[in-house]
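J.: The file below is data-v7.cif, mmCIF, C-alpha atoms:
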```
data_upload
#
loop_
_atom_site.label_atom_id
_atom_site.label_comp_id
_atom_site.auth_asym_id
_atom_site.auth_seq_id
_atom_site.Cartn_x
_atom_site.Cartn_y
_atom_site.Cartn_z
CA MET M 1 14.72 -14.66 -20.41
CA ARG M 2 17.85 -15.93 -18.69
CA ARG M 3 18.18 -14.44 -15.24
CA GLY M 4 21.26 -14.44 -13.03
CA PHE M 5 24.59 -12.82 -12.49
CA LEU M 6 26.86 -12.36 -15.46
CA ASP M 7 30.46 -13.49 -15.52
CA THR M 8 32.20 -10.20 -14.78
CA GLY M 9 35.63 -11.26 -15.99
CA LEU M 10 37.19 -9.05 -13.29
CA THR M 11 40.88 -9.52 -12.73
CA ARG M 12 43.25 -8.26 -10.11
CA PRO M 13 43.64 -4.48 -10.37
CA PRO M 14 46.80 -3.22 -12.04
CA GLN M 15 49.60 -2.20 -9.70
CA PRO M 16 50.55 1.47 -9.44
CA GLU M 17 53.66 2.64 -11.23
CA ARG M 18 56.99 2.86 -9.37
CA ASP M 19 58.79 6.14 -8.69
CA PRO M 20 61.83 6.14 -11.02
CA LYS M 21 63.95 7.97 -8.45
CA THR M 22 63.16 6.02 -5.30
CA GLY M 23 61.93 2.77 -6.86
CA LYS M 24 58.94 2.74 -4.57
CA GLN M 25 55.39 2.09 -5.82
CA LYS M 26 53.25 5.19 -6.20
CA ALA M 27 50.14 5.28 -3.98
CA TRP M 28 46.60 5.25 -5.40
CA THR M 29 44.60 8.39 -4.88
CA VAL M 30 41.12 7.90 -3.48
CA THR M 31 39.61 9.28 -6.68
CA ALA M 32 41.72 7.04 -8.89
CA ILE M 33 40.95 3.80 -7.02
CA THR M 34 37.25 4.72 -6.86
CA LYS M 35 37.10 5.40 -10.59
CA HIS M 36 38.90 2.14 -11.27
CA ILE M 37 36.41 0.21 -9.12
CA LYS M 38 33.51 2.04 -10.77
CA ASP M 39 34.82 1.15 -14.22
CA CYS M 40 35.26 -2.53 -13.30
CA ILE M 41 31.80 -2.85 -11.73
CA GLU M 42 29.94 -1.00 -14.44
CA ARG M 43 31.62 -3.00 -17.18
CA GLY M 44 31.03 -6.30 -15.44
CA TYR M 45 27.44 -5.98 -14.18
CA THR M 46 25.55 -4.43 -17.09
CA ASN M 47 22.39 -6.58 -17.15
CA ILE M 48 21.55 -8.54 -14.02
CA TRP M 49 18.44 -9.75 -12.19
CA VAL M 50 18.33 -9.43 -8.41
CA GLU M 51 15.77 -10.99 -6.11
CA GLY M 52 15.08 -9.23 -2.84
CA GLU M 53 12.67 -7.48 -0.51
CA VAL M 54 11.83 -3.79 -0.97
CA SER M 55 12.64 -1.51 1.95
CA ASN M 56 12.42 2.28 2.48
CA PHE M 57 10.79 2.88 -0.92
CA LYS M 58 10.43 6.61 -1.64
CA CYS M 59 9.53 8.56 -4.81
CA TYR M 60 10.32 12.26 -5.00
CA GLY M 61 8.86 15.14 -6.98
CA SER M 62 11.53 14.65 -9.61
CA GLY M 63 9.99 11.24 -10.38
CA HIS M 64 13.11 9.35 -9.24
CA CYS M 65 12.59 6.51 -6.75
CA TYR M 66 15.10 5.36 -4.13
CA PHE M 67 14.90 2.16 -2.10
CA THR M 68 16.83 -0.80 -0.76
CA LEU M 69 16.78 -4.43 -1.85
CA LYS M 70 17.57 -6.78 1.00
CA ASP M 71 17.55 -10.37 2.14
CA ASP M 72 18.61 -12.09 5.38
CA GLY M 73 22.31 -11.53 4.70
CA ALA M 74 22.80 -8.16 2.98
CA GLN M 75 21.36 -4.94 1.61
CA LEU M 76 21.73 -3.37 -1.84
CA PRO M 77 20.91 0.33 -2.37
CA ALA M 78 18.86 0.87 -5.54
CA VAL M 79 17.48 3.69 -7.65
CA MET M 80 14.90 3.92 -10.47
CA TRP M 81 15.19 7.01 -12.59
CA ARG M 82 11.98 8.75 -13.63
CA THR M 83 11.73 7.21 -17.11
CA ALA M 84 11.93 3.69 -15.68
CA ALA M 85 9.63 4.46 -12.73
CA GLU M 86 6.93 5.73 -15.10
CA ARG M 87 6.77 2.27 -16.71
CA LEU M 88 5.93 0.53 -13.43
CA LYS M 89 2.47 -1.04 -13.48
CA PHE M 90 2.34 -1.39 -9.68
CA VAL M 91 3.42 0.67 -6.67
CA PRO M 92 6.18 -1.14 -4.73
CA GLN M 93 5.47 -1.41 -1.02
CA ASP M 94 7.92 -2.00 1.79
CA GLY M 95 8.14 -5.73 2.39
CA THR M 96 7.22 -6.69 -1.20
CA LYS M 97 9.45 -9.36 -2.67
CA VAL M 98 10.49 -8.43 -6.19
CA LEU M 99 12.67 -9.29 -9.15
CA ALA M 100 14.67 -6.25 -10.27
CA GLN M 101 16.55 -6.00 -13.56
CA GLY M 102 19.26 -3.44 -14.21
CA ARG M 103 22.95 -2.71 -13.77
CA LEU M 104 25.39 -1.89 -10.98
CA SER M 105 26.93 1.52 -10.64
CA VAL M 106 29.15 3.42 -8.20
CA TYR M 107 28.29 6.80 -6.70
CA GLU M 108 31.79 8.26 -6.50
CA PRO M 109 31.24 11.08 -3.95
CA ARG M 110 30.35 8.52 -1.28
CA GLY M 111 32.28 5.60 -2.67
CA ALA M 112 29.07 3.52 -2.54
CA TYR M 113 27.77 1.12 -5.11
CA GLN M 114 24.10 0.82 -6.03
CA MET M 115 21.80 -0.88 -8.49
CA VAL M 116 20.20 1.20 -11.22
CA VAL M 117 16.89 -0.63 -11.77
CA GLU M 118 15.36 -0.53 -15.24
CA ARG M 119 12.53 -2.97 -14.65
CA MET M 120 10.85 -4.50 -11.61
CA GLU M 121 8.02 -6.95 -11.03
CA PRO M 122 6.53 -8.60 -7.95
CA LEU M 123 7.95 -12.02 -7.22
CA GLY M 124 5.47 -14.78 -8.03
CA ILE M 125 2.91 -12.49 -9.75
CA GLY M 126 3.06 -10.37 -12.88
CA ASP M 127 3.21 -6.58 -12.59
CA LEU M 128 -0.08 -6.21 -14.47
CA ALA M 129 -1.85 -8.60 -12.11
CA ALA M 130 -0.43 -6.74 -9.12
CA ALA M 131 -1.54 -3.39 -10.56
CA PHE M 132 -5.02 -4.82 -11.19
CA GLU M 133 -5.39 -5.95 -7.58
CA GLN M 134 -4.04 -2.68 -6.19
CA LEU M 135 -6.43 -0.52 -8.22
CA LYS M 136 -9.36 -2.84 -7.55
CA LYS M 137 -8.76 -2.59 -3.81
CA LYS M 138 -8.36 1.19 -3.96
CA LEU M 139 -11.53 1.87 -5.98
CA ALA M 140 -13.59 -0.60 -3.94
CA ALA M 141 -12.60 1.30 -0.78
CA GLU M 142 -13.80 4.53 -2.41
CA GLY M 143 -17.21 2.99 -3.21
CA LEU M 144 -16.93 2.89 -7.01
CA PHE M 145 -18.18 -0.70 -7.09
CA GLU M 146 -21.20 -0.25 -4.79
CA THR M 147 -24.31 -1.94 -6.19
CA SER M 148 -26.55 0.69 -4.58
CA ARG M 149 -25.31 3.32 -7.04
CA LYS M 150 -25.78 1.23 -10.17
CA ARG M 151 -28.65 2.31 -12.42
CA PRO M 152 -31.04 0.20 -14.49
CA ILE M 153 -30.65 0.12 -18.25
CA PRO M 154 -33.55 1.77 -20.16
CA ARG M 155 -35.94 -0.86 -21.47
CA PHE M 156 -36.70 0.85 -24.79
CA PRO M 157 -33.67 3.01 -25.72
CA GLN M 158 -34.03 5.27 -28.76
CA ARG M 159 -30.34 6.24 -28.97
CA ILE M 160 -27.42 3.99 -28.04
CA GLY M 161 -23.91 5.37 -27.62
CA ILE M 162 -21.01 2.99 -28.35
CA VAL M 163 -17.40 3.67 -27.35
CA THR M 164 -15.11 1.24 -29.19
CA SER M 165 -12.81 0.88 -32.18
CA PRO M 166 -14.57 1.85 -35.44
CA SER M 167 -12.76 -0.93 -37.30
CA GLY M 168 -12.80 -3.79 -34.79
CA ALA M 169 -14.97 -6.88 -34.67
CA ALA M 170 -16.87 -5.57 -31.62
CA ILE M 171 -18.69 -2.79 -33.47
CA GLN M 172 -19.73 -5.18 -36.25
CA ASP M 173 -21.13 -7.65 -33.71
CA LEU M 174 -22.99 -4.91 -31.84
CA LEU M 175 -24.60 -3.39 -34.93
CA LYS M 176 -25.63 -6.80 -36.26
CA VAL M 177 -27.33 -7.81 -33.00
CA ILE M 178 -28.97 -4.44 -32.25
CA TYR M 179 -30.39 -3.82 -35.73
CA ALA M 180 -31.77 -7.36 -35.87
CA ARG M 181 -33.71 -6.77 -32.63
CA TRP M 182 -34.69 -3.09 -32.37
CA PRO M 183 -34.79 0.07 -34.56
CA ALA M 184 -32.49 2.28 -32.46
CA ASP M 185 -30.20 5.14 -33.50
CA ILE M 186 -26.49 4.45 -32.95
CA ILE M 187 -23.96 7.13 -31.92
CA LEU M 188 -20.41 5.80 -32.34
CA ALA M 189 -17.35 7.31 -30.66
CA GLY M 190 -14.42 5.70 -32.43
CA VAL M 191 -11.40 5.26 -30.12
CA LYS M 192 -8.24 3.24 -29.73
CA VAL M 193 -8.87 0.20 -27.54
CA GLN M 194 -5.28 -0.98 -27.15
CA GLY M 195 -1.85 0.49 -26.59
CA GLU M 196 -0.52 3.83 -25.46
CA GLY M 197 -3.11 6.60 -25.19
CA ALA M 198 -6.10 4.24 -25.50
CA ALA M 199 -7.30 4.77 -21.92
CA GLU M 200 -7.25 8.56 -22.35
CA GLU M 201 -9.26 8.32 -25.60
CA ILE M 202 -11.88 6.05 -24.01
CA ALA M 203 -12.29 8.31 -20.96
CA HIS M 204 -12.57 11.41 -23.18
CA ALA M 205 -15.21 9.76 -25.38
CA ILE M 206 -17.34 8.84 -22.35
CA GLY M 207 -17.14 12.45 -21.17
CA GLN M 208 -18.09 13.77 -24.61
CA MET M 209 -21.13 11.49 -24.78
CA ASN M 210 -22.32 12.93 -21.47
CA ILE M 211 -22.24 16.54 -22.64
CA LEU M 212 -24.55 15.82 -25.57
CA ARG M 213 -28.09 17.12 -25.15
CA GLY M 214 -31.48 16.71 -26.76
CA ASP M 215 -31.88 14.28 -29.64
CA LYS M 216 -28.11 13.73 -29.73
CA ARG M 217 -27.82 12.44 -26.16
CA PRO M 218 -27.67 8.62 -25.83
CA ASP M 219 -30.04 6.83 -23.47
CA VAL M 220 -27.35 4.23 -22.65
CA LEU M 221 -23.63 3.69 -23.35
CA ILE M 222 -21.81 0.51 -24.36
CA VAL M 223 -18.05 0.65 -23.68
CA GLY M 224 -15.82 -2.23 -24.76
CA ARG M 225 -13.90 -4.23 -27.34
CA GLY M 226 -13.37 -7.81 -28.48
CA GLY M 227 -11.14 -10.38 -26.83
CA GLY M 228 -7.38 -10.29 -26.34
CA SER M 229 -4.57 -10.83 -23.87
CA LEU M 230 -4.33 -9.08 -20.51
CA GLU M 231 -2.00 -6.55 -22.10
CA ASP M 232 -4.46 -5.97 -24.98
CA LEU M 233 -7.34 -5.29 -22.58
CA TRP M 234 -5.28 -3.27 -20.14
CA CYS M 235 -6.69 0.16 -21.06
CA PHE M 236 -10.00 -0.95 -19.50
CA ASN M 237 -8.09 -1.50 -16.22
CA GLU M 238 -6.79 2.07 -16.10
CA GLU M 239 -8.01 4.35 -13.32
CA ILE M 240 -8.90 7.17 -15.76
CA VAL M 241 -11.42 4.89 -17.53
CA ALA M 242 -12.89 3.64 -14.25
CA ARG M 243 -13.52 7.18 -13.02
CA ALA M 244 -15.01 8.27 -16.36
CA ILE M 245 -17.52 5.40 -16.15
CA PHE M 246 -18.27 6.26 -12.51
CA ASP M 247 -18.86 9.94 -13.35
CA SER M 248 -21.10 9.17 -16.35
CA GLU M 249 -24.67 10.44 -16.01
CA ILE M 250 -25.68 7.96 -18.73
CA PRO M 251 -26.00 4.29 -17.67
CA VAL M 252 -23.00 2.27 -18.87
CA ILE M 253 -22.75 -1.34 -20.08
CA SER M 254 -19.20 -2.72 -20.00
CA ALA M 255 -18.55 -5.23 -22.81
CA VAL M 256 -14.87 -6.14 -22.78
CA GLY M 257 -13.35 -9.31 -24.20
CA HIS M 258 -14.75 -12.78 -23.65
CA GLU M 259 -16.90 -14.21 -20.85
CA VAL M 260 -13.83 -15.21 -18.79
CA ASP M 261 -12.25 -11.73 -19.01
CA PHE M 262 -12.87 -9.34 -16.12
CA THR M 263 -11.66 -5.74 -16.03
CA ILE M 264 -11.92 -2.82 -13.62
CA ALA M 265 -14.43 -1.28 -16.06
CA ASP M 266 -16.74 -4.29 -15.48
CA PHE M 267 -16.84 -3.63 -11.72
CA VAL M 268 -17.60 0.10 -12.09
CA ALA M 269 -20.16 -0.12 -14.91
CA ASP M 270 -23.88 -0.31 -14.18
CA VAL M 271 -24.08 -3.65 -16.02
CA ARG M 272 -21.42 -6.09 -17.24
CA ALA M 273 -21.93 -7.95 -20.50
CA ALA M 274 -19.96 -11.15 -21.12
CA THR M 275 -19.17 -10.15 -24.74
CA PRO M 276 -20.02 -7.29 -27.13
CA SER M 277 -22.73 -9.49 -28.74
CA HIS M 278 -24.22 -10.11 -25.31
CA ALA M 279 -24.29 -6.34 -24.72
CA GLY M 280 -26.33 -5.96 -27.92
CA GLU M 281 -28.86 -8.48 -26.61
CA MET M 282 -29.04 -6.79 -23.21
CA VAL M 283 -29.46 -3.22 -24.41
CA VAL M 284 -32.58 -3.71 -26.57
CA PRO M 285 -35.55 -6.12 -26.58
CA ARG M 286 -36.84 -7.97 -29.62
CA LEU M 287 -39.38 -5.81 -31.43
CA ASP M 288 -41.53 -8.85 -32.30
CA ASP M 289 -41.66 -9.88 -28.63
CA VAL M 290 -42.79 -6.38 -27.58
CA ILE M 291 -45.52 -6.34 -30.21
CA ASP M 292 -46.75 -9.77 -29.08
CA GLN M 293 -46.87 -8.59 -25.46
CA LEU M 294 -48.83 -5.48 -26.41
CA ASP M 295 -51.33 -7.55 -28.35
CA ALA M 296 -51.78 -9.87 -25.38
CA LEU M 297 -52.26 -6.94 -23.00
CA ARG M 298 -54.72 -5.26 -25.35
CA SER M 299 -56.83 -8.39 -25.30
CA ALA M 300 -56.49 -9.24 -21.62
CA LEU M 301 -56.72 -5.87 -19.86
CA PRO M 302 -60.41 -5.00 -20.48
CA GLN M 303 -61.54 -8.48 -19.46
CA ALA M 304 -59.39 -8.33 -16.32
CA LEU M 305 -60.90 -5.02 -15.26
CA LEU M 306 -64.43 -6.24 -15.90
CA ARG M 307 -63.72 -9.37 -13.85
CA ARG M 308 -62.63 -7.18 -10.94
CA VAL M 309 -65.89 -5.19 -11.22
CA GLU M 310 -67.91 -8.42 -11.23
CA ILE M 311 -66.06 -9.75 -8.17
CA ALA M 312 -66.77 -6.52 -6.30
CA ARG M 313 -70.45 -6.67 -7.25
CA ARG M 314 -70.76 -10.23 -5.96
CA ARG M 315 -69.07 -9.31 -2.70
CA LEU M 316 -71.56 -6.48 -2.23
CA GLU M 317 -74.44 -8.85 -2.87
CA GLY M 318 -73.02 -11.19 -0.23
CA ILE M 319 -72.82 -8.32 2.23
CA GLU M 320 -76.44 -7.43 1.44
CA GLN M 321 -77.66 -10.94 2.16
CA SER M 322 -75.70 -11.18 5.41
CA TYR M 323 -76.91 -7.77 6.50
CA ALA M 324 -80.52 -8.67 5.75
CA LEU M 325 -80.31 -11.72 8.02
CA ARG M 326 -79.09 -9.68 10.99
CA HIS M 327 -81.09 -6.46 10.71
CA PRO M 328 -84.77 -5.49 10.60
CA GLU M 329 -86.60 -5.16 7.28
CA GLU M 330 -86.57 -1.36 7.33
CA ARG M 331 -82.72 -1.36 7.12
CA ILE M 332 -82.68 -3.45 3.94
CA ALA M 333 -84.00 -0.62 1.80
CA VAL M 334 -81.17 1.65 3.00
CA LEU M 335 -78.55 -1.01 2.18
CA ARG M 336 -79.99 -1.56 -1.31
CA GLN M 337 -79.68 2.14 -1.98
CA ARG M 338 -76.03 2.18 -0.86
CA LEU M 339 -75.32 -0.87 -2.99
CA ASP M 340 -76.78 0.84 -6.03
CA ASP M 341 -74.68 3.95 -5.35
CA ILE M 342 -71.45 1.91 -5.03
CA SER M 343 -72.21 -0.09 -8.17
CA SER M 344 -72.96 3.04 -10.15
CA ARG M 345 -69.55 4.50 -9.16
CA LEU M 346 -67.47 1.30 -9.53
CA ILE M 347 -68.51 0.37 -13.06
CA PRO M 348 -67.65 3.79 -14.61
CA ALA M 349 -64.36 3.78 -12.69
CA GLY M 350 -63.49 0.45 -14.26
CA GLU M 351 -64.42 1.72 -17.67
CA ARG M 352 -62.20 4.77 -17.14
CA ARG M 353 -59.26 2.52 -16.27
CA VAL M 354 -59.88 0.53 -19.43
CA CYS M 355 -59.88 3.74 -21.47
CA ALA M 356 -56.68 4.94 -19.77
CA ALA M 357 -54.97 1.64 -20.47
CA ARG M 358 -56.06 1.78 -24.10
CA GLU M 359 -54.68 5.32 -24.38
CA ALA M 360 -51.33 4.28 -22.84
CA MET M 361 -51.08 1.37 -25.26
CA ALA M 362 -51.88 3.68 -28.14
CA GLN M 363 -49.07 6.03 -27.08
CA LEU M 364 -46.60 3.13 -26.84
CA ALA M 365 -47.73 1.86 -30.22
CA GLY M 366 -47.15 5.35 -31.61
CA ARG M 367 -43.65 5.38 -30.12
CA LEU M 368 -42.91 2.03 -31.69
CA GLU M 369 -44.22 3.35 -34.98
CA SER M 370 -41.83 6.31 -34.71
CA LEU M 371 -38.96 3.84 -34.33
CA SER M 372 -40.08 1.78 -37.31
CA PRO M 373 -37.56 1.35 -40.09
CA LEU M 374 -40.11 2.94 -42.44
CA ARG M 375 -40.01 6.12 -40.37
CA VAL M 376 -36.23 6.07 -40.66
CA LEU M 377 -36.74 6.25 -44.42
CA ASP M 378 -38.95 9.31 -43.92
CA ARG M 379 -35.99 11.08 -42.28
CA GLY M 380 -33.97 10.84 -45.49
CA TYR M 381 -32.19 7.51 -45.03
CA SER M 382 -32.33 4.68 -47.54
CA VAL M 383 -31.74 0.92 -47.74
CA THR M 384 -29.90 -0.73 -50.63
CA LEU M 385 -30.49 -4.38 -51.58
CA ARG M 386 -28.97 -6.73 -54.17
CA THR M 387 -31.54 -7.42 -56.88
CA LYS M 388 -30.44 -11.03 -57.38
CA ASP M 389 -31.16 -12.22 -53.81
CA GLY M 390 -32.70 -9.27 -51.93
CA LYS M 391 -29.88 -9.14 -49.33
CA VAL M 392 -29.05 -5.80 -47.70
CA VAL M 393 -25.83 -4.16 -48.96
CA ARG M 394 -23.76 -3.30 -45.85
CA SER M 395 -20.32 -2.94 -47.46
CA ILE M 396 -18.85 -2.16 -50.86
CA SER M 397 -17.51 -5.72 -50.84
CA ASP M 398 -21.10 -7.06 -50.92
CA VAL M 399 -21.56 -6.04 -54.57
CA ALA M 400 -19.55 -6.36 -57.78
CA ASP M 401 -19.07 -3.90 -60.61
CA GLY M 402 -21.94 -4.18 -63.06
CA GLU M 403 -24.27 -5.77 -60.50
CA GLU M 404 -27.86 -4.52 -60.33
CA ILE M 405 -29.08 -3.06 -57.02
CA ARG M 406 -32.35 -1.62 -55.64
CA THR M 407 -32.39 1.41 -53.31
CA ARG M 408 -35.50 1.87 -51.21
CA VAL M 409 -36.50 5.41 -50.19
CA LYS M 410 -39.63 6.61 -48.43
CA ASP M 411 -41.90 6.64 -51.51
CA GLY M 412 -40.54 3.82 -53.65
CA GLU M 413 -37.45 2.14 -55.03
CA LEU M 414 -34.64 3.14 -57.38
CA LEU M 415 -33.03 0.61 -59.71
CA SER M 416 -29.28 1.08 -60.30
CA ARG M 417 -26.24 -0.68 -61.68
CA VAL M 418 -22.84 -0.48 -59.95
CA ILE M 419 -20.30 1.29 -62.15
CA GLY M 420 -17.60 1.58 -59.53
CA ARG M 421 -16.80 1.40 -55.80
CA GLU M 422 -14.92 3.85 -53.61
CA SER M 423 -13.60 3.02 -50.13
CA GLN M 424 -13.75 5.53 -47.27
CA GLY M 425 -10.17 4.58 -46.42
CA ARG M 426 -10.80 3.44 -42.83
#
```
Would you mind writing the file's structure down as structure tokens?
T.:
Amino acid sequence: MRRGFLDTGLTRPPQPERDPKTGKQKAWTVTAITKHIKDCIERGYTNIWVEGEVSNFKCYGSGHCYFTLKDDGAQLPAVMWRTAAERLKFVPQDGTKVLAQGRLSVYEPRGAYQMVVERMEPLGIGDLAAAFEQLKKKLAAEGLFETSRKRPIPRFPQRIGIVTSPSGAAIQDLLKVIYARWPADIILAGVKVQGEGAAEEIAHAIGQMNILRGDKRPDVLIVGRGGGSLEDLWCFNEEIVARAIFDSEIPVISAVGHEVDFTIADFVADVRAATPSHAGEMVVPRLDDVIDQLDALRSALPQALLRRVEIARRRLEGIEQSYALRHPEERIAVLRQRLDDISSRLIPAGERRVCAAREAMAQLAGRLESLSPLRVLDRGYSVTLRTKDGKVVRSISDVADGEEIRTRVKDGELLSRVIGRESQGR
């Protein structure tokens, strides 16, 4: 955008008319000369950029802001009406150097000219970057970024809440990663993730997730979207979203943009993920890995407990031998009796710990069984596959009219042929 003063094209003001009787020029009235000056200035300076330092910045209840732009040689009174002030992404501070765009006007009652500012940005830094730093500093001072308040993410979540666009790439990446790793239930809150009103929708969705109870309440929340420009991601830099994440009783994973993108939401969330796909990897483990670990523990735990019992028995035998060398023969019988008593108590205790560990593993195995995809089928869900290659049908675009498909339910499979497809219109 070209910045600078426009050519005003101002000429010398017209001379007043002469009195036909006396031949003398008529005098200007104060109002007339002021209106003439106002007309010349407002016609000539309609779209200008002015560089200066903000001074005496004040906003009133009406929403209008008044201030002065100054440099070493002069001062220029300025005003931002409410509609323009509401578009500011940063709060001007006295001493801030800015670029202001607008027009010149004259306030006739005082005969003073002023600049009506339509747009303003900090000099040398964009208004969005300035707003980001201001809000970051403010929330950090209030303790919203403190690591001591951040909560761990549940290791085995049963229900995962996701706040994102229902049609964006982020939700597809998340579902693909999560379902490939772990059989969790997904609760989606579809929101706008860009543009006017997006921040309010995101904050509202986080609040709604937190009022859910029972089987509907998520164990963890993922809040985010795919990559984009600073303007595209800006709703995740809004204060309303930051405070909604801070107030959430459910742990929150922020997954906004790419690895190089950082937002205010990342600093407030309990955990930051570099991308939505990374959030999917963080929120759930691999089911195969968990099963392998359980198998290893099932094999190793009894032997470990028995080894501890054997070590304790050998230590007691060592104590017995040392005691026998230092004490008379009549004390040895007493020590043998105590050793027998300790051994008789230690071995059953070890066996009880083995039984308790087995019971705990059985409960965990039962929980895993309840999360099995087969149990999902028991709850009335089904899985549809293409007969020709066995691939899962995730979208109506995965099959063609006339193609044969298999639908698996809890007690068998149904063979079908596609006779038509109907979109949900999203």
J.: Evaluate the PyMOL selection byres ((chain M and resi 218) around 10) and record the selected residues as JSON, numbers by chain, following the chain and residue labels used in the document.
T.: {"M": [157, 158, 159, 160, 161, 162, 185, 186, 187, 209, 210, 212, 213, 214, 215, 216, 217, 219, 220, 221, 250, 251]}
J.: Need the shell around range 228-236 of chain M: protein/DNA/RNA residues with any atom at most 10 Å away, counting all atoms listed in the file. Skip same-chain ones fewer than 3 positions apart. Format as a PyMOL selection string?
T.: chain M and resi 128-129+132+192-203+223-225+239-242+254+256-258+261-266
J.: Residues near range 88-102 of chain M, anyone? I mean within 6 Å using only C-alpha atoms, not counting same-chain ones fewer than 2 positions away, as a PyMOL selection string.
T.: chain M and resi 47-55+85-86+116-123+127-128+131
J.: What would the file look like if the residues just selected were written as a short mmCIF file (atom, residue, chain, number, x, y, z; two decimals), keeping the file's coordinate frame with C-alpha atoms?
T.:
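Everything below was put into again-v6.cif:
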```cif
data_model
loop_
_atom_site.label_atom_id
_atom_site.label_comp_id
_atom_site.auth_asym_id
_atom_site.auth_seq_id
_atom_site.Cartn_x
_atom_site.Cartn_y
_atom_site.Cartn_z
CA ASN M 47 22.39 -6.58 -17.15
CA ILE M 48 21.55 -8.54 -14.02
CA TRP M 49 18.44 -9.75 -12.19
CA VAL M 50 18.33 -9.43 -8.41
CA GLU M 51 15.77 -10.99 -6.11
CA GLY M 52 15.08 -9.23 -2.84
CA GLU M 53 12.67 -7.48 -0.51
CA VAL M 54 11.83 -3.79 -0.97
CA SER M 55 12.64 -1.51 1.95
CA ALA M 85 9.63 4.46 -12.73
CA GLU M 86 6.93 5.73 -15.10
CA VAL M 116 20.20 1.20 -11.22
CA VAL M 117 16.89 -0.63 -11.77
CA GLU M 118 15.36 -0.53 -15.24
CA ARG M 119 12.53 -2.97 -14.65
CA MET M 120 10.85 -4.50 -11.61
CA GLU M 121 8.02 -6.95 -11.03
CA PRO M 122 6.53 -8.60 -7.95
CA LEU M 123 7.95 -12.02 -7.22
CA ASP M 127 3.21 -6.58 -12.59
CA LEU M 128 -0.08 -6.21 -14.47
CA ALA M 131 -1.54 -3.39 -10.56
#
```
J.: How many Å lie between CA of Pro152 in chain M and CA of Gly227 in chain M, rounded to one decimal?
T.: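 Taking CA of Pro152 in chain M and CA of Gly227 in chain M, their separation equals 25.7 Å.
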J.: Check which residues satisfy the PyMOL selection byres ((chain M and resi 418) around 7) in the file shown, then give them as an NGL selection string.
T.: :M and (401-404 or 416-417 or 419-420)
J.: Some atoms are absent from range 228-241 of chain M, so rebuild N, CA and C atoms and return them as a CSV table (one decimal), in the frame of the given file.
T.:
```
chain,number,residue,atom,x,y,z
M,228,GLY,N,-8.8,-10.5,-26.2
M,228,GLY,CA,-7.4,-10.3,-26.3
M,228,GLY,C,-6.7,-10.7,-25.1
M,229,SER,N,-5.4,-10.5,-25.0
M,229,SER,CA,-4.6,-10.8,-23.9
M,229,SER,C,-4.8,-9.8,-22.8
M,230,LEU,N,-4.2,-10.0,-21.6
M,230,LEU,CA,-4.3,-9.1,-20.5
M,230,LEU,C,-3.7,-7.7,-20.9
M,231,GLU,N,-2.6,-7.8,-21.6
M,231,GLU,CA,-2.0,-6.6,-22.1
M,231,GLU,C,-2.9,-5.8,-23.1
M,232,ASP,N,-3.6,-6.6,-24.0
M,232,ASP,CA,-4.5,-6.0,-25.0
M,232,ASP,C,-5.6,-5.3,-24.3
M,233,LEU,N,-6.2,-5.8,-23.2
M,233,LEU,CA,-7.3,-5.3,-22.6
M,233,LEU,C,-7.0,-4.3,-21.5
M,234,TRP,N,-5.7,-4.0,-21.3
M,234,TRP,CA,-5.3,-3.3,-20.1
M,234,TRP,C,-5.9,-1.9,-20.0
M,235,CYS,N,-6.2,-1.2,-21.2
M,235,CYS,CA,-6.7,0.2,-21.1
M,235,CYS,C,-8.0,0.2,-20.3
M,236,PHE,N,-8.7,-0.9,-20.3
M,236,PHE,CA,-10.0,-1.0,-19.5
M,236,PHE,C,-9.8,-1.2,-18.0
M,237,ASN,N,-8.5,-1.4,-17.6
M,237,ASN,CA,-8.1,-1.5,-16.2
M,237,ASN,C,-7.4,-0.2,-15.7
M,238,GLU,N,-7.4,0.8,-16.5
M,238,GLU,CA,-6.8,2.1,-16.1
M,238,GLU,C,-7.8,2.9,-15.2
M,239,GLU,N,-7.2,3.6,-14.3
M,239,GLU,CA,-8.0,4.4,-13.3
M,239,GLU,C,-8.8,5.5,-14.0
M,240,ILE,N,-8.2,6.1,-15.1
M,240,ILE,CA,-8.9,7.2,-15.8
M,240,ILE,C,-10.2,6.7,-16.4
M,241,VAL,N,-10.2,5.4,-16.9
M,241,VAL,CA,-11.4,4.9,-17.5
M,241,VAL,C,-12.4,4.6,-16.5
```
